[in-house]
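**Q** Before we start, here is the structure in question, set down as structure tokens.
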Amino acid sequence: MGFDAKRSLGTANKGWYELFSRGPRDWLRHNEKIREAVRAHLPEIIAGPDVITRPSDRAIRVPVRFLEHSRFRLRRSEEQVRAGQGAKGQVKPGDVLVRDLGEGRSRGAGSGEGGFQFLLELKIDDIIDWLWEELQLPRLKPKPGTVLAHDEFVREGWDRRGVRSRLDRRRTVKEAIKRRSVQPDGPDFANEDLRFRQLSRRRRPATRAVVFFAMDVSSSMGEEDRKLAKTFFFWALQGLRRQYIQLDTVFIAHTSIAWEFSEEQFFQVTAEGGTQASSVFKLVLDVYQSRFDLHRYNGYLFYASDGDNFIADRGPAAAALSELTGLMNFIGYVETGSLQKQVLHSETGRLFDSLVRRGLGVGSYPLGGYEDVWPAIKGLFQHQASTDTS
Amino acid sequence: MEEDTLRGYLGRLEDMARSLGLDFYPVEFEVVPPSFMMEVAVYGLPVRMAHWSFGVRYIYELVQHRMGHSRIFEVVFPGNPSQAYMSNTNSLQENTLVVAHVLGHADFAKNNLSFKTARDQIGHRIVEQAAVHAHQIEQSISEHGVKDVEEVLDAALALEQHIDNSKSLRRPLFAKYIKSQPLLSKNEFKERFTNLPGESAPTLLKPKYRRALIPPHPEYDLLWFVAHYAPELDDWERDIFLAVREESFYFHPLFCCNIMNEGWASYWHARLLREANFLPDEEYVDAMKTHSDVVRPFAGEHEVALALNPYHLGFSLWDKIIEEQGLDNARKIMQEEEDTGFVRNYLDADMAKKLGLFMYTAKRGGEINVEEWDIDALHEAILRPKYNFGTPRVYISELQTDGTVVLRQDHLFDGRGLDTHSARKVLGYISKVWRRPVLLYTVNAQGQEEALRADTN
């Protein structure tokens, strides 16, 4: 009858039980599936205004629900009849109870499953990669031509002579070891062991860019308009980041005059006053020329406005803008609140359209709502690619 | 050393249990870390197939565990030998209680009819079998990729409870052909007609057999049916369905005897410890404290609970039965009943009052009204979640010639229709492996028939 009790209580050397990790493994698989699901709906999810909190963040958080593995279950009825238990005299028929009594200690899956939310952190770089795949956007090529190239000194090769500061110690020791292996009695170091790094001058294509974000902040630009512009700016910037090693940003807001702002202030600033688009173009020109070396920086300008501009400003704005088009790689114009999808009828819109028609590096994108952001981004980069290759 | 002490107790508790009439297969105890206990509680088996839905359950359990809402004392897998795990973070007193508790489970599992029939079908080694299934599925993943395997598991696990354990685990396929009946029965008219001058009986080429309807009767074992009748199921996919089905046969008695089983084990851990004169007094008191924690009807400081603790209900019922009818009768009941019969036959109005049971209706808005109850209504309120493996009754009603499969819900039995949102998703899972259209008839809130359909595309 009895059996060996020693055998039946196994405790020795069971450290490997700690290694069981099927739960975490399946949890990770669940998260992977969520990522796939999120990825499939990415454009919808991140076109929303609430996701982009700070453009400088390198990750965004998307609130997601746990995936639910469905089973057949009955329609929820209005009333559920259940049994409970109370201490003597605690509960009488006719009583009304409040929840929060603790649902007892029923085991197994809780009834509240599916109610949990958690934040999924997505890397911006991953998202951009997915988007490029999803929207089938072209990969931008470096700009051809030598205008945007600069000289750079790069390390190249070694020499026996040189300045002390460029002495390559590791290389020198190597040479010394080599020499001593055939010359066992020789000195530790001899002059012929010395090796110096050499520099040479190379022309390099410019890998830096400066992106100007300009926005009309006159009273006619509402909160919604700004959010739209901000969303567009954000994704345009992320797209350009793929192309350039170093990207500088300048934020300029304007009414009838233009000011430069920090990024945080830029999206919050409001001002009274009319609109003179020429002011912003002049400031961009000024900043670009004074602060950045035109030969080393690619220039981009994105300008958001509701399209109103003083009639009197038409001439100066056109003049400043056409000067800019000569210097900049690309100028994008975003008109918010635009209901006409195809043709921009506004004052500023017409100005940009005339440039677009002349085949210059200019694009204009009407944004009526968030659903327009992706087509605009797509248009922007496809336009870019086509001007690059032509 | 605690472990040696525990080992000593184990031997003596086993001898005591046998002398008190408990009859069980050997139990192999393992002391394991709590993380392992938690995984076992989530998966239901120590090594089980990988699926993302277990990951979700795992996280819920982890959160609950961290917040201290649940604590897993013991898990036991009936078989020969039975396999029991206890946590190495439990105190000696707690684990002494666990040992006694597990012996109660082992006795129950060896003798209860539901467990017996399940064991006759699936054998004594479910732990190993589940591990083999897991390994098989692991291989399928490396052969066919995680996505394909997951699609099959989505469907199979969604139908997990839809087995028919009144039929056997290995059942023959339906007959493909049946003897054909003569199409026209002989009757007076026909005879007179053929006797008309110039008329002769038509010589029909009667096939001896004709194609049988499939299924010939409503088929409730959805896992079995899909495994064997899906038009384009690969062998490895069929294996997954059958693996899930086999594990369901194992889980079924655990589900439908929960109150009895936990009550029986609780009764025996209490009695064994009470009569164990070798336990130091202090340890006995501590173990009894654990006992009263386990069989407490209420959580925390509360004095009212909206759900019944099966340990408490079962323990109280067994205590009363053994006191009133003696151990031999109690053993007979233990062998023959499931929870439905157990509660209906042995929970009477006096007992329910003594336990402070009540019945309530919970409105959708959250209002909870305590109702007048009679004992029959109370029984139903307790047992309602336990019918049909806790799932709506859905059956295969027809397999059409184009491969479309028609499912119907027995809404008269269930009392109302299916939740369409989840039903649609389940149909989606099924249609991925069925690879032909899948139709489901249920009723909407007004009681009118509603058809849901999932097409493959």
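Just remember, in the structure tokens the first chain shown is A, the second B, etc., residues are 1-based per chain, and ligands are 1-based in the order shown.
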Would you list the contacts of Ile240 of chain B as a VMD selection string, taking every protein, DNA or RNA residue within 10 Å and counting only C-alpha atoms, but skipping same-chain residues closer than 4 positions in sequence?

**A** chain B and resid 49 133 to 134 136 to 137 140 149 152 to 153 156 to 157 223 227 235 to 236 244 to 246

**Q** For segment 429-435 of chain B, list every protein, DNA or RNA residue within 8 Å, evaluated using only C-alpha atoms, and leave out those in the same chain fewer than 6 positions away; present the list as a PyMOL selection string.

**A** chain B and resi 151-152+154-155+226+230-233+454-456

**Q** Compare B:His162, B:His252, B:Arg125, B:Arg211 by their minimum atom-to-atom distance to chain A, counting only C-alpha atoms, and give me the closest one.

**A**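 Smallest distance to chain A is found for B:His162.
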
**Q** Using Å and a single decimal, report how far atom CA of His379 of chain B sits from atom CA of Gln325 of chain B.

**A** 21.6 Å

**Q** Report as a ChimeraX atom specification all protein, DNA and RNA residues lying within 7 Å of Tyr365 of chain A, evaluated on only C-alpha atoms, omitting residues in the same chain fewer than 3 positions from it.

**A** /A:333-335,376

**Q** Compile the contact shell of Leu380 of chain A as a ChimeraX atom specification: residues with an atom at most 9 Å away, counting only C-alpha atoms, same-chain residues fewer than 2 positions apart removed.

**A** /A:236,332,363-365,375-378,382-385

**Q** Store the residues picked out above in a file with C-alpha atoms, as a CSV table (one decimal), in the first residue's frame.

**A**
```
chain,number,residue,atom,x,y,z
A,236,ALA,CA,7.2,66.1,-42.9
A,332,GLY,CA,5.8,73.3,-49.1
A,363,GLY,CA,4.2,72.1,-53.6
A,364,SER,CA,0.9,73.1,-52.1
A,365,TYR,CA,-1.3,71.0,-50.0
A,375,PRO,CA,-2.3,62.2,-48.8
A,376,ALA,CA,-0.5,65.5,-48.3
A,377,ILE,CA,2.6,63.8,-46.8
A,378,LYS,CA,2.5,61.3,-49.6
A,382,GLN,CA,6.5,61.8,-54.1
A,383,HIS,CA,6.9,65.3,-55.5
A,384,GLN,CA,10.3,65.4,-53.9
A,385,ALA,CA,11.4,62.1,-55.4
```

**Q** Report as number ranges by chain all protein, DNA and RNA residues lying within 9 Å of Val211 of chain A, evaluated on only C-alpha atoms, omitting residues in the same chain fewer than 5 positions from it.

**A** A: 237, 240, 247-251, 298-302

**Q** Show which residues sit within 8 Å of segment 57-61 of chain B, as a list in words. Count only C-alpha atoms, and ignore same-chain residues fewer than 4 positions away.

**A**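 The contact residues come out as Gly23, Pro24, Trp27 and Ala109 of chain A; Met38, Glu39, Val42, Ser53 and His65 of chain B.
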
**Q** What's the 8 Å shell around Val102 of chain B, counting only C-alpha atoms, without same-chain residues fewer than 6 positions away, as a list in words?

**A**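 Counting only C-alpha atoms, the residues come to Glu74, Val76, Ala84 and Ala265 of chain B.
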
**Q** Write the residues of the selection above to a file with N, CA and C atoms, as a PDB file, in the first residue's frame.

**A**
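Full text of out.pdb as output:
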```
ATOM      1  N   GLU B  74      -2.112  25.444  -4.177  1.00  0.00           N
ATOM      2  CA  GLU B  74      -1.788  24.087  -4.625  1.00  0.00           C
ATOM      3  C   GLU B  74      -2.423  23.867  -5.998  1.00  0.00           C
ATOM      4  N   VAL B  76      -3.158  20.343  -8.525  1.00  0.00           N
ATOM      5  CA  VAL B  76      -2.982  18.901  -8.599  1.00  0.00           C
ATOM      6  C   VAL B  76      -3.563  18.408  -9.916  1.00  0.00           C
ATOM      7  N   ALA B  84       1.197  16.736  -8.010  1.00  0.00           N
ATOM      8  CA  ALA B  84       0.774  17.913  -7.243  1.00  0.00           C
ATOM      9  C   ALA B  84       1.941  18.879  -7.086  1.00  0.00           C
ATOM     10  N   ALA B 265     -12.016  18.029  -0.746  1.00  0.00           N
ATOM     11  CA  ALA B 265     -10.613  18.211  -0.353  1.00  0.00           C
ATOM     12  C   ALA B 265     -10.520  19.047   0.920  1.00  0.00           C
TER      13      ALA B 265
END
```
